[in-house]
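So the structure is just underneath, and the comments pick up after that.
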Amino acid sequence: MKTMKKAAPWLLPAALTVIAVVWAVAAIGDILTATAHPAFAYSVAVLYDAVWLYALAQETAHRRQGSNARLPKAIGWVFLPLTVAVLAAHGLLAGDVLAAAVGALIPVLAKVTLVMAIDRDATRISARAQAAIDRTRAATRDRIAVSRAVAAARADETKAAAEIVQSAREAEAKAVTVTHDAYEKYADVIDQHPLPEPVGELPGLVSDSDLEALLSGGVPGSVPALGTGGEPSSGDRSGTDDGTPPLESAREANSRAVAMLAAQLYATDPPPSKRKFRAAMRAEMNARGLTGSWDTIDALYDREKTLTGPGGSES
């Protein structure tokens, strides 16, 4: 009962609006068929009345909630005289003055009754209250927009993380596949080309630690100290009983390495100055664990300068 009472003021405006729209579509389509195809003519009439109805609906919605309806009102009042003129012209072209008058009156009655219904149902509020409502709506829209942006950013972050995890797992799977294929190829090679006989241990190689100990004055763990345990001393260089050459002492090895390093650092074009030579020698000696005094370095510089200078020879 309450719904019927609330909808009663809108029945007459709705009926008059429907009649005006249908009459306008028929009139505009009939007039345009004289110069255009009927399908095009009536589609233009339908679009015209659709814009008019949309403006009326927007005006009604804005007035009911108390917001500004300036643009919908302007469109509605512009379309009203146009519709009146079209319906009047259609009746006059048909030779029926009464139809022209009634047709022109229907849109006016629909507009007037619609305005009365809107004014009766509109919410009357002050300008200050309307401003507060507008601010609240704007803040709400901002919060909604921020929430949507945050949700979109989180979704993008989750998607990116999932893509990274997927790429990492694909790379791991590819690595496992490559390793497995390599093992299979290795097994095939071993099966197809077996060694003729078991191979013993490979001959021992001098490790980096042994070389570093030798150059720094120490003795490698696998080589006994010279001059102990019945081995040849530094003064005995006749060799061992098994025919192997004697090992030089750590001091001689250090001196030989320093001399070779000096020749290497001096062999530049142009040769370095004495200051640069001393700095480079000290840096490389520290890096390689070699020992030597500044006098030794200066003597090596003078020697290389004499050997490579004009008239010098490296014989």
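Labeling convention for the structure tokens: chains A, B, ... as they appear, residues from 1 per chain, ligands from 1 in order of appearance.
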
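Excluding A:Val84 and any residue on its chain fewer than 6 positions from it, the residues at most 9 Å away by only C-alpha atoms are A:Ala24, A:Gly103, A:Ala104, A:Leu105, A:Ile106, A:Pro107, A:Val108.
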
Selection near stretch 260-269 of chain A, 8 Å with only C-alpha atoms, sequence-local residues under 2 positions removed, as a PyMOL selection string: chain A and resi 256-258+271-272+277+280-281+297+300-301+304

Spatial neighbours of A:Pro13, max dist 8 Å, only C-alpha atoms, sep filter under 4 positions, as number ranges by chain: A: 9, 17, 109-111, 113-114, 117

d(atom CA of A:Ala173, atom CA of A:Ile190) in Å: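 Answer for the atom CA of A:Ala173 to atom CA of A:Ile190 separation: 25.9 Å.
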
Polymer residues at most 10 Å from A:Ser43, only C-alpha atoms, same-chain spacing of 3 or more positions, as a PyMOL selection string: chain A and resi 25+28-29+38-40+46-48

Export, as a compact mmCIF listing (two decimals), in the first residue's frame, the selected residues with N, CA and C atoms.
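Written file, again_28.txt:
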```txt
# COMPACT_ATOMS: atom_id res chain seq x y z
N VAL A 25 8.74 9.25 -32.21
CA VAL A 25 9.43 8.29 -33.08
C VAL A 25 8.67 8.13 -34.39
N ILE A 28 9.03 11.59 -36.44
CA ILE A 28 10.35 11.83 -37.00
C ILE A 28 10.65 10.81 -38.10
N GLY A 29 10.32 9.54 -37.85
CA GLY A 29 10.55 8.52 -38.86
C GLY A 29 9.75 8.77 -40.12
N PRO A 38 13.68 3.96 -44.80
CA PRO A 38 12.88 3.86 -43.57
C PRO A 38 13.67 3.33 -42.36
N ALA A 39 14.57 2.35 -42.59
CA ALA A 39 15.34 1.81 -41.46
C ALA A 39 16.22 2.90 -40.85
N PHE A 40 16.88 3.68 -41.71
CA PHE A 40 17.71 4.76 -41.20
C PHE A 40 16.87 5.84 -40.54
N VAL A 46 14.58 6.85 -33.05
CA VAL A 46 14.76 6.14 -31.79
C VAL A 46 15.93 6.72 -30.99
N LEU A 47 17.04 7.02 -31.67
CA LEU A 47 18.19 7.61 -30.98
C LEU A 47 17.84 8.98 -30.41
N TYR A 48 17.11 9.77 -31.14
CA TYR A 48 16.70 11.09 -30.66
C TYR A 48 15.89 10.97 -29.37
```

Straight-line distance linking atom CA of A:His62 with atom CA of A:Asp134, stated in Å to one decimal: 12.4 Å
